[in-house]
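Participant: My structure file target.cif, mmCIF, C-alpha atoms, is below:
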```
data_final
#
loop_
_atom_site.group_PDB
_atom_site.id
_atom_site.type_symbol
_atom_site.label_atom_id
_atom_site.label_comp_id
_atom_site.auth_asym_id
_atom_site.auth_seq_id
_atom_site.Cartn_x
_atom_site.Cartn_y
_atom_site.Cartn_z
ATOM 1 C CA MET I 132 0.000 0.000 0.000
ATOM 2 C CA ILE I 133 1.251 3.438 -0.941
ATOM 3 C CA ILE I 134 1.243 5.976 1.863
ATOM 4 C CA GLU I 135 1.755 9.501 0.667
ATOM 5 C CA SER I 136 2.306 12.760 2.424
ATOM 6 C CA PRO I 137 -0.267 15.568 2.261
ATOM 7 C CA ASN I 138 2.252 17.549 0.214
ATOM 8 C CA GLN I 139 2.353 14.811 -2.365
ATOM 9 C CA GLN I 140 -1.470 14.753 -2.492
ATOM 10 C CA GLN I 141 -1.598 18.525 -2.838
ATOM 11 C CA GLN I 142 0.892 18.371 -5.677
ATOM 12 C CA GLY I 143 -1.226 15.694 -7.381
ATOM 13 C CA LEU I 144 -4.351 17.805 -7.032
ATOM 14 C CA ASP I 145 -2.600 20.880 -8.390
ATOM 15 C CA GLU I 146 -1.404 18.890 -11.337
ATOM 16 C CA PHE I 147 -4.941 17.645 -11.797
ATOM 17 C CA THR I 148 -6.435 21.137 -11.744
ATOM 18 C CA THR I 149 -3.831 22.290 -14.264
ATOM 19 C CA LEU I 150 -4.730 19.376 -16.492
ATOM 20 C CA TYR I 151 -8.428 20.161 -16.188
ATOM 21 C CA VAL I 152 -8.072 23.858 -16.954
ATOM 22 C CA GLY I 153 -5.637 23.334 -19.794
ATOM 23 C CA HIS I 154 -7.018 20.321 -21.585
ATOM 24 C CA TYR I 155 -10.604 19.467 -20.660
ATOM 25 C CA GLN I 156 -12.160 21.381 -23.537
ATOM 26 C CA GLN I 157 -9.748 20.042 -26.155
ATOM 27 C CA LEU I 158 -10.280 16.489 -24.960
ATOM 28 C CA LEU I 159 -14.030 16.991 -24.948
ATOM 29 C CA ARG I 160 -13.894 18.167 -28.558
ATOM 30 C CA MET I 161 -11.721 15.222 -29.491
ATOM 31 C CA ALA I 162 -14.187 12.876 -27.811
ATOM 32 C CA VAL I 163 -17.055 14.467 -29.770
ATOM 33 C CA LEU I 164 -15.182 13.692 -32.987
ATOM 34 C CA LEU I 165 -14.520 10.132 -31.827
ATOM 35 C CA VAL I 166 -17.959 9.164 -30.510
ATOM 36 C CA GLY I 167 -20.055 11.541 -32.567
ATOM 37 C CA ASP I 168 -22.302 12.981 -29.873
ATOM 38 C CA MET I 169 -21.983 15.440 -27.072
ATOM 39 C CA ALA I 170 -23.520 13.540 -24.134
ATOM 40 C CA ALA I 171 -21.404 10.419 -24.659
ATOM 41 C CA ALA I 172 -18.309 12.570 -25.146
ATOM 42 C CA GLU I 173 -18.932 14.335 -21.819
ATOM 43 C CA ASP I 174 -19.300 10.984 -20.054
ATOM 44 C CA VAL I 175 -16.125 9.682 -21.625
ATOM 45 C CA VAL I 176 -13.994 12.695 -20.722
ATOM 46 C CA GLN I 177 -15.374 12.951 -17.183
ATOM 47 C CA GLU I 178 -14.648 9.295 -16.603
ATOM 48 C CA ALA I 179 -11.137 9.742 -17.984
ATOM 49 C CA PHE I 180 -10.499 12.654 -15.620
ATOM 50 C CA ILE I 181 -11.819 10.647 -12.644
ATOM 51 C CA ARG I 182 -9.433 7.820 -13.509
ATOM 52 C CA VAL I 183 -6.507 10.167 -13.913
ATOM 53 C CA HIS I 184 -7.339 11.802 -10.575
ATOM 54 C CA HIS I 185 -7.217 8.369 -8.954
ATOM 55 C CA ALA I 186 -3.940 7.562 -10.703
ATOM 56 C CA LEU I 187 -2.408 10.839 -9.548
ATOM 57 C CA ASP I 188 -3.588 10.084 -5.996
ATOM 58 C CA CYS I 189 -1.869 6.707 -6.004
ATOM 59 C CA ARG I 190 1.401 7.291 -7.829
ATOM 60 C CA PRO I 191 3.290 9.876 -9.851
ATOM 61 C CA VAL I 192 2.251 9.744 -13.510
ATOM 62 C CA ASN I 193 5.027 10.437 -16.008
ATOM 63 C CA ALA I 194 3.052 12.044 -18.804
ATOM 64 C CA PRO I 195 -0.414 12.830 -17.452
ATOM 65 C CA LEU I 196 -1.680 14.369 -20.695
ATOM 66 C CA ALA I 197 -0.678 11.326 -22.739
ATOM 67 C CA TYR I 198 -2.281 9.096 -20.091
ATOM 68 C CA LEU I 199 -5.428 11.201 -20.249
ATOM 69 C CA ARG I 200 -5.553 11.151 -24.030
ATOM 70 C CA GLN I 201 -5.091 7.399 -24.107
ATOM 71 C CA THR I 202 -7.833 6.953 -21.521
ATOM 72 C CA VAL I 203 -10.189 9.090 -23.605
ATOM 73 C CA VAL I 204 -9.452 7.051 -26.740
ATOM 74 C CA ASN I 205 -9.937 3.755 -24.901
ATOM 75 C CA LEU I 206 -13.160 4.888 -23.257
ATOM 76 C CA ALA I 207 -14.465 6.221 -26.574
ATOM 77 C CA ARG I 208 -13.777 2.830 -28.083
ATOM 78 C CA SER I 209 -15.656 1.113 -25.239
ATOM 79 C CA GLU I 210 -18.547 3.545 -25.634
ATOM 80 C CA LEU I 211 -18.832 2.763 -29.345
ATOM 81 C CA ARG I 212 -18.763 -0.943 -28.593
ATOM 82 C CA ARG I 213 -21.524 -0.554 -25.998
ATOM 83 C CA ARG I 214 -23.528 1.570 -28.408
ATOM 84 C CA LEU I 215 -23.273 -1.130 -31.057
ATOM 85 C CA ILE I 216 -24.612 -3.695 -28.586
ATOM 86 C CA ARG I 217 -27.416 -1.340 -27.532
ATOM 87 C CA LEU I 218 -28.376 -0.744 -31.164
ATOM 88 C CA ARG I 219 -28.428 -4.453 -31.790
ATOM 89 C CA HIS I 220 -30.875 -5.000 -28.931
ATOM 90 C CA ALA I 221 -32.831 -1.730 -29.096
ATOM 91 C CA PRO I 222 -36.591 -2.242 -29.584
ATOM 92 C CA ARG I 223 -37.142 1.165 -31.205
ATOM 93 C CA PRO I 224 -35.197 4.359 -31.919
ATOM 94 C CA ALA I 225 -34.659 6.929 -29.160
ATOM 95 C CA PRO I 226 -37.247 9.748 -28.824
ATOM 96 C CA PRO I 227 -36.421 13.074 -30.459
ATOM 97 C CA ALA I 228 -34.453 15.735 -28.532
ATOM 98 C CA ALA I 229 -36.625 17.899 -26.328
ATOM 99 C CA SER I 230 -34.620 20.749 -24.793
ATOM 100 C CA ALA I 231 -32.691 23.549 -26.469
ATOM 101 C CA GLU I 232 -29.409 22.174 -25.111
ATOM 102 C CA GLU I 233 -30.166 18.764 -26.541
ATOM 103 C CA GLY I 234 -31.029 20.495 -29.800
ATOM 104 C CA ALA I 235 -27.611 22.125 -29.870
ATOM 105 C CA CYS I 236 -25.970 18.779 -29.182
ATOM 106 C CA ALA I 237 -27.959 17.242 -31.992
ATOM 107 C CA ALA I 238 -26.816 20.069 -34.274
ATOM 108 C CA ILE I 239 -23.214 19.183 -33.503
ATOM 109 C CA SER I 240 -23.933 15.539 -34.234
ATOM 110 C CA ARG I 241 -25.561 16.523 -37.528
ATOM 111 C CA GLN I 242 -22.378 18.197 -38.792
ATOM 112 C CA GLU I 243 -21.425 16.704 -42.097
ATOM 113 C CA VAL I 244 -17.880 15.850 -41.057
ATOM 114 C CA ILE I 245 -19.044 14.161 -37.858
ATOM 115 C CA GLN I 246 -21.556 12.126 -39.822
ATOM 116 C CA ALA I 247 -18.778 11.153 -42.217
ATOM 117 C CA LEU I 248 -16.425 10.234 -39.364
ATOM 118 C CA ARG I 249 -19.105 8.007 -37.895
ATOM 119 C CA ARG I 250 -19.277 6.095 -41.139
ATOM 120 C CA ILE I 251 -15.624 5.020 -41.220
ATOM 121 C CA PRO I 252 -14.144 2.236 -39.064
ATOM 122 C CA ALA I 253 -13.242 3.207 -35.492
ATOM 123 C CA ARG I 254 -9.493 2.672 -35.898
ATOM 124 C CA GLN I 255 -9.360 4.853 -38.998
ATOM 125 C CA ARG I 256 -11.406 7.527 -37.247
ATOM 126 C CA GLU I 257 -9.059 7.496 -34.243
ATOM 127 C CA ALA I 258 -6.039 7.775 -36.494
ATOM 128 C CA VAL I 259 -7.314 10.750 -38.516
ATOM 129 C CA VAL I 260 -8.667 12.595 -35.474
ATOM 130 C CA LEU I 261 -5.410 12.168 -33.588
ATOM 131 C CA ARG I 262 -3.363 13.126 -36.653
ATOM 132 C CA TYR I 263 -5.278 16.029 -38.141
ATOM 133 C CA TRP I 264 -7.217 17.370 -35.190
ATOM 134 C CA ALA I 265 -4.974 16.654 -32.185
ATOM 135 C CA ASP I 266 -1.931 17.152 -34.446
ATOM 136 C CA LEU I 267 -0.001 14.240 -32.977
ATOM 137 C CA PRO I 268 2.941 12.695 -34.820
ATOM 138 C CA GLU I 269 2.395 9.253 -36.288
ATOM 139 C CA ALA I 270 4.804 7.597 -33.844
ATOM 140 C CA GLU I 271 2.843 8.921 -30.870
ATOM 141 C CA ILE I 272 -0.455 7.864 -32.440
ATOM 142 C CA ALA I 273 0.994 4.395 -32.971
ATOM 143 C CA GLU I 274 2.012 4.186 -29.326
ATOM 144 C CA LEU I 275 -1.360 5.472 -28.161
ATOM 145 C CA MET I 276 -3.312 3.051 -30.357
ATOM 146 C CA GLY I 277 -0.970 0.136 -29.630
ATOM 147 C CA VAL I 278 -0.164 -0.477 -33.315
ATOM 148 C CA SER I 279 2.832 0.078 -35.603
ATOM 149 C CA THR I 280 3.548 3.350 -37.384
ATOM 150 C CA GLY I 281 2.920 1.614 -40.689
ATOM 151 C CA ALA I 282 -0.533 0.616 -39.513
ATOM 152 C CA VAL I 283 -1.268 4.206 -38.545
ATOM 153 C CA LYS I 284 -0.221 5.409 -42.009
ATOM 154 C CA SER I 285 -2.434 2.770 -43.564
ATOM 155 C CA TYR I 286 -5.429 3.751 -41.386
ATOM 156 C CA ILE I 287 -4.968 7.423 -42.272
ATOM 157 C CA SER I 288 -4.625 6.739 -45.979
ATOM 158 C CA ARG I 289 -7.767 4.601 -46.076
ATOM 159 C CA ALA I 290 -9.689 7.034 -43.938
ATOM 160 C CA MET I 291 -8.782 9.967 -46.167
ATOM 161 C CA GLY I 292 -9.927 8.033 -49.217
ATOM 162 C CA LYS I 293 -13.273 7.220 -47.641
ATOM 163 C CA LEU I 294 -13.754 10.710 -46.240
ATOM 164 C CA GLY I 295 -13.014 12.154 -49.668
ATOM 165 C CA LEU I 296 -15.730 9.954 -51.070
ATOM 166 C CA LEU I 297 -18.185 10.850 -48.296
ATOM 167 C CA LEU I 298 -17.521 14.598 -48.068
ATOM 168 C CA GLU I 299 -16.596 15.562 -51.596
ATOM 169 C CA GLY I 300 -17.952 12.752 -53.713
ATOM 170 C CA ALA I 301 -21.527 13.252 -52.507
ATOM 171 C CA PRO I 302 -23.743 15.151 -54.942
ATOM 172 C CA MET P 45 -12.731 8.042 -58.852
ATOM 173 C CA THR P 46 -12.822 10.607 -56.008
ATOM 174 C CA GLU P 47 -9.578 12.108 -54.735
ATOM 175 C CA PRO P 48 -8.596 11.530 -51.100
ATOM 176 C CA LEU P 49 -9.609 14.367 -48.833
ATOM 177 C CA ASN P 50 -7.127 17.171 -48.412
ATOM 178 C CA PRO P 51 -5.716 17.018 -44.828
ATOM 179 C CA ASP P 52 -5.984 20.786 -44.375
ATOM 180 C CA ARG P 53 -9.608 20.714 -45.411
ATOM 181 C CA LEU P 54 -10.324 17.883 -42.997
ATOM 182 C CA THR P 55 -8.609 19.774 -40.181
ATOM 183 C CA ARG P 56 -10.676 22.880 -40.927
ATOM 184 C CA LEU P 57 -13.910 20.892 -41.143
ATOM 185 C CA MET P 58 -13.228 19.206 -37.814
ATOM 186 C CA HIS P 59 -12.366 22.490 -36.105
ATOM 187 C CA ASP P 60 -15.532 24.095 -37.468
ATOM 188 C CA ALA P 61 -17.633 21.150 -36.337
ATOM 189 C CA VAL P 62 -16.511 21.215 -32.711
ATOM 190 C CA GLN P 63 -15.828 24.904 -32.154
ATOM 191 C CA ARG P 64 -19.200 25.301 -30.401
ATOM 192 C CA VAL P 65 -18.401 22.491 -27.949
ATOM 193 C CA ASN P 66 -17.722 24.067 -24.575
ATOM 194 C CA VAL P 67 -17.199 22.721 -21.090
ATOM 195 C CA PRO P 68 -20.564 22.566 -19.297
ATOM 196 C CA PRO P 69 -20.643 24.401 -15.941
ATOM 197 C CA GLY P 70 -20.115 22.299 -12.818
ATOM 198 C CA THR P 71 -17.992 19.698 -14.577
ATOM 199 C CA LEU P 72 -15.103 19.964 -12.130
ATOM 200 C CA ASP P 73 -17.530 19.493 -9.217
ATOM 201 C CA ARG P 74 -18.998 16.434 -10.877
ATOM 202 C CA ILE P 75 -15.509 14.998 -11.356
ATOM 203 C CA HIS P 76 -14.676 15.600 -7.680
ATOM 204 C CA GLN P 77 -17.980 13.994 -6.667
ATOM 205 C CA GLY P 78 -17.155 11.005 -8.846
ATOM 206 C CA VAL P 79 -13.715 10.755 -7.266
ATOM 207 C CA ARG P 80 -15.201 10.904 -3.751
ATOM 208 C CA ARG P 81 -17.826 8.293 -4.603
ATOM 209 C CA ARG P 82 -15.242 5.918 -6.065
ATOM 210 C CA ARG P 83 -13.042 6.416 -3.018
ATOM 211 C CA ALA P 84 -15.936 5.578 -0.653
ATOM 212 C CA VAL P 85 -16.772 2.477 -2.670
ATOM 213 C CA ARG P 86 -13.127 1.407 -2.621
ATOM 214 C CA HIS P 87 -12.884 1.896 1.132
ATOM 215 C CA ALA P 88 -16.106 -0.054 1.708
ATOM 216 C CA GLY P 89 -14.827 -2.823 -0.533
ATOM 217 C CA ALA P 90 -11.537 -2.934 1.325
ATOM 218 C CA ALA P 91 -13.377 -3.126 4.673
ATOM 219 C CA VAL P 92 -15.589 -5.976 3.424
ATOM 220 C CA LEU P 93 -12.534 -7.796 2.079
ATOM 221 C CA ALA P 94 -10.684 -7.385 5.370
ATOM 222 C CA ALA P 95 -13.702 -8.661 7.317
ATOM 223 C CA ALA P 96 -13.987 -11.643 4.980
ATOM 224 C CA VAL P 97 -10.294 -12.464 5.373
ATOM 225 C CA ILE P 98 -10.526 -12.236 9.183
ATOM 226 C CA ALA P 99 -13.677 -14.382 9.235
ATOM 227 C CA GLY P 100 -12.095 -16.929 6.911
ATOM 228 C CA GLY P 101 -8.964 -17.055 9.043
ATOM 229 C CA SER P 102 -11.005 -17.529 12.200
ATOM 230 C CA VAL P 103 -13.055 -20.337 10.667
ATOM 231 C CA THR P 104 -9.876 -22.021 9.459
ATOM 232 C CA ALA P 105 -8.256 -21.691 12.875
ATOM 233 C CA VAL P 106 -11.325 -23.159 14.594
ATOM 234 C CA ALA P 107 -11.471 -25.989 12.078
ATOM 235 C CA VAL P 108 -7.783 -26.773 12.543
ATOM 236 C CA ALA P 109 -8.122 -26.661 16.339
ATOM 237 C CA SER P 110 -11.179 -28.944 16.391
ATOM 238 C CA GLY P 111 -9.580 -31.258 13.839
ATOM 239 C CA GLY P 112 -6.564 -31.646 16.127
ATOM 240 C CA ALA P 113 -8.794 -32.522 19.097
ATOM 241 C CA ALA P 114 -10.643 -35.151 17.096
ATOM 242 C CA GLY P 115 -7.431 -36.756 15.889
ATOM 243 C CA PRO P 116 -6.008 -40.152 16.789
ATOM 244 C CA GLY P 117 -6.406 -39.572 20.488
ATOM 245 C CA ALA P 118 -10.124 -38.898 20.202
ATOM 246 C CA THR P 119 -11.185 -42.018 18.293
ATOM 247 C CA SER P 120 -12.583 -43.668 21.414
ATOM 248 C CA SER P 121 -15.294 -41.052 21.690
ATOM 249 C CA ALA P 122 -16.566 -41.814 18.174
ATOM 250 C CA GLY P 123 -18.631 -44.723 19.411
ATOM 251 C CA THR P 124 -20.661 -42.541 21.747
ATOM 252 C CA ASN P 125 -21.192 -39.714 19.298
ATOM 253 C CA PRO P 126 -23.726 -40.479 16.554
ATOM 254 C CA VAL P 127 -22.514 -37.575 14.460
ATOM 255 C CA ALA P 128 -18.966 -38.833 14.546
ATOM 256 C CA GLU P 129 -20.172 -42.252 13.361
ATOM 257 C CA ALA P 130 -21.698 -40.708 10.293
ATOM 258 C CA THR P 131 -18.586 -38.845 9.231
ATOM 259 C CA PRO P 132 -16.637 -40.129 6.247
ATOM 260 C CA THR P 133 -13.520 -40.395 8.391
ATOM 261 C CA SER P 134 -15.118 -42.907 10.752
ATOM 262 C CA ALA P 135 -16.550 -44.821 7.813
ATOM 263 C CA LEU P 136 -13.086 -45.108 6.335
ATOM 264 C CA ALA P 137 -11.736 -46.222 9.697
ATOM 265 C CA ASP P 138 -14.395 -48.952 9.761
ATOM 266 C CA LEU P 139 -13.417 -50.111 6.314
ATOM 267 C CA ALA P 140 -9.771 -50.202 7.300
ATOM 268 C CA ALA P 141 -10.412 -52.375 10.385
ATOM 269 C CA PRO P 142 -8.473 -55.675 9.983
ATOM 270 C CA ALA P 143 -11.393 -57.941 10.972
ATOM 271 C CA ARG P 144 -13.464 -56.762 8.010
ATOM 272 C CA ILE P 145 -10.865 -56.991 5.262
ATOM 273 C CA GLN P 146 -11.941 -59.445 2.654
ATOM 274 C CA PRO P 147 -9.057 -61.686 1.599
ATOM 275 C CA TYR P 148 -8.580 -61.978 -2.116
ATOM 276 C CA LEU P 149 -9.765 -65.341 -3.212
ATOM 277 C CA PRO P 150 -8.201 -66.522 -6.458
ATOM 278 C CA PRO P 151 -10.425 -68.209 -9.005
ATOM 279 C CA PRO P 152 -10.612 -72.030 -8.801
ATOM 280 C CA SER P 153 -8.240 -72.514 -11.688
ATOM 281 C CA LEU P 154 -5.495 -70.523 -9.960
ATOM 282 C CA SER P 155 -5.889 -72.272 -6.600
ATOM 283 C CA SER P 156 -5.738 -75.651 -8.246
ATOM 284 C CA VAL P 157 -2.562 -74.670 -10.064
ATOM 285 C CA SER P 158 -0.863 -73.327 -6.952
ATOM 286 C CA GLY P 159 -1.800 -76.385 -4.976
ATOM 287 C CA ASN P 160 -2.408 -74.668 -1.650
ATOM 288 C CA ASN P 161 -5.687 -73.953 0.027
ATOM 289 C CA VAL P 162 -5.300 -70.291 0.671
ATOM 290 C CA GLY P 163 -8.453 -69.519 -1.216
ATOM 291 C CA ASN P 164 -10.749 -71.946 0.432
ATOM 292 C CA GLY P 165 -12.964 -69.176 1.686
ATOM 293 C CA SER P 166 -13.350 -70.517 5.178
ATOM 294 C CA GLY P 167 -12.620 -67.154 6.768
ATOM 295 C CA ALA P 168 -14.549 -65.038 4.278
ATOM 296 C CA THR P 169 -17.534 -63.101 5.556
ATOM 297 C CA GLN P 170 -20.599 -63.473 3.397
ATOM 298 C CA LEU P 171 -22.599 -60.349 2.775
ATOM 299 C CA PRO P 172 -26.371 -60.379 2.681
ATOM 300 C CA ALA P 173 -27.694 -60.699 -0.857
ATOM 301 C CA SER P 174 -29.642 -57.451 -0.653
ATOM 302 C CA SER P 175 -26.712 -55.223 0.289
ATOM 303 C CA THR P 176 -24.505 -53.704 -2.368
ATOM 304 C CA PRO P 177 -20.860 -54.458 -1.636
ATOM 305 C CA PRO P 178 -18.648 -51.366 -1.523
ATOM 306 C CA TYR P 179 -15.801 -53.343 -3.002
ATOM 307 C CA ARG P 180 -15.165 -55.906 -5.694
ATOM 308 C CA GLU P 181 -17.468 -58.896 -5.722
ATOM 309 C CA MET P 182 -15.815 -62.099 -4.427
ATOM 310 C CA PRO P 183 -15.647 -65.044 -6.757
ATOM 311 C CA PRO P 184 -17.226 -68.231 -5.391
ATOM 312 C CA ALA P 185 -15.021 -70.383 -3.176
ATOM 313 C CA PRO P 186 -13.565 -73.426 -4.901
ATOM 314 C CA SER P 187 -15.009 -76.787 -3.999
ATOM 315 C CA SER P 188 -12.311 -79.125 -2.826
#
```
Mind turning this structure into structure tokens?
Facilitator:
Amino acid sequence: MIIESPNQQQQGLDEFTTLYVGHYQQLLRMAVLLVGDMAAAEDVVQEAFIRVHHALDCRPVNAPLAYLRQTVVNLARSELRRRLIRLRHAPRPAPPAASAEEGACAAISRQEVIQALRRIPARQREAVVLRYWADLPEAEIAELMGVSTGAVKSYISRAMGKLGLLLEGAP
Amino acid sequence: MTEPLNPDRLTRLMHDAVQRVNVPPGTLDRIHQGVRRRRAVRHAGAAVLAAAVIAGGSVTAVAVASGGAAGPGATSSAGTNPVAEATPTSALADLAAPARIQPYLPPPSLSSVSGNNVGNGSGATQLPASSTPPYREMPPAPSS
């Protein structure tokens, strides 16, 4: 069991607050691109921050932002998997959005590029979002996704082909 | 054939799509609440686990202590205790008693070849026909 001093805890919390202030919004936007809707993205990023808070409580984390980003990607993947299962067993579609806030969220989901991203495989979506939105180098994306750099290049190339078809090939 | 999407265009499209996404108010509080809740659950789980380990250890200690008391020195009390008679240990002890061991009786052909009368069956205990023997059925004793 790890026993830490109050100073260590305070330092962890400060680091956490810095992470929250500096990166929450960017990670939320990335999660929206990955999962395609606002509510799920909020859940994913909140959960990621809770996990990182726990990790910072227990031990020093080398690269907290990378840890956070990886957690968001993994949780987004799990969310998409759960959604697929829910869709498979859903008796009928969800009711239409009621409030103005939900309407705004739906407007985000209706964006053409988000619709297009939802239509490509999850790995390809992760690769293009991390490359062209988060602006990460391919090596870092490969490490984050747990694949080789060549695989990342392949995902990006295929994704760009499909997105070209979906966004520019449509009449 | 459609050209692949231009990376700059994709970047711009993605930025435009999510530029209205903002952090909802009270998010940090919700995260802290979540952290506190998880911590409480973890502590409760740890307490339950500790209680289970202590209870398990106590039960094991009691079992070991009572098993030691009912060891070889306590076999004489088994006859007076009906529960002890029903235990598998006492049943095994009964089976292992020398007076009840069934000698192996060779088939008639073997006894005639060996020429001795070891397998004459004079000492063998006959079981009632209705009971199911817990061991191998004895071949009939040879007629001399």
Participant: Report as a compact mmCIF listing (two decimals) with C-alpha atoms, keeping the file's coordinate frame the full result of the PyMOL selection byres ((chain P) within 9 of (chain I)) when it is applied to this structure.
Facilitator:
```
# COMPACT_ATOMS: atom_id res chain seq x y z
CA MET P 45 -12.73 8.04 -58.85
CA THR P 46 -12.82 10.61 -56.01
CA GLU P 47 -9.58 12.11 -54.74
CA PRO P 48 -8.60 11.53 -51.10
CA LEU P 49 -9.61 14.37 -48.83
CA ASN P 50 -7.13 17.17 -48.41
CA PRO P 51 -5.72 17.02 -44.83
CA ASP P 52 -5.98 20.79 -44.38
CA LEU P 54 -10.32 17.88 -43.00
CA THR P 55 -8.61 19.77 -40.18
CA ARG P 56 -10.68 22.88 -40.93
CA LEU P 57 -13.91 20.89 -41.14
CA MET P 58 -13.23 19.21 -37.81
CA HIS P 59 -12.37 22.49 -36.10
CA ALA P 61 -17.63 21.15 -36.34
CA VAL P 62 -16.51 21.22 -32.71
CA GLN P 63 -15.83 24.90 -32.15
CA ARG P 64 -19.20 25.30 -30.40
CA VAL P 65 -18.40 22.49 -27.95
CA ASN P 66 -17.72 24.07 -24.58
CA VAL P 67 -17.20 22.72 -21.09
CA PRO P 68 -20.56 22.57 -19.30
CA THR P 71 -17.99 19.70 -14.58
CA LEU P 72 -15.10 19.96 -12.13
CA ARG P 74 -19.00 16.43 -10.88
CA ILE P 75 -15.51 15.00 -11.36
CA HIS P 76 -14.68 15.60 -7.68
CA GLY P 78 -17.16 11.00 -8.85
CA VAL P 79 -13.72 10.76 -7.27
CA ARG P 82 -15.24 5.92 -6.06
CA ARG P 83 -13.04 6.42 -3.02
```
Participant: Pick out the closest residue to Glu210 in chain I from this set: I:Asp188, I:Glu271, I:Asp174, I:Asp145. Count only C-alpha atoms.
Facilitator: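 Counting only C-alpha atoms, the residue closest to Glu210 in chain I is I:Asp174.
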Participant: To one decimal place in Å, what is the distance between CA of Leu150 in chain I and CA of Asp73 in chain P?
Facilitator: 14.7 Å
Participant: Could you state the separation of CA of Tyr286 in chain I and CA of Arg213 in chain I in Å, given to one decimal place?
Facilitator: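 According to the coordinates, CA of Tyr286 in chain I and CA of Arg213 in chain I are separated by 22.7 Å.
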Participant: How many Å lie between CA of Glu269 in chain I and CA of Ala282 in chain I, rounded to one decimal?
Facilitator: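 We find that CA of Glu269 in chain I and CA of Ala282 in chain I lie 9.7 Å from each other.
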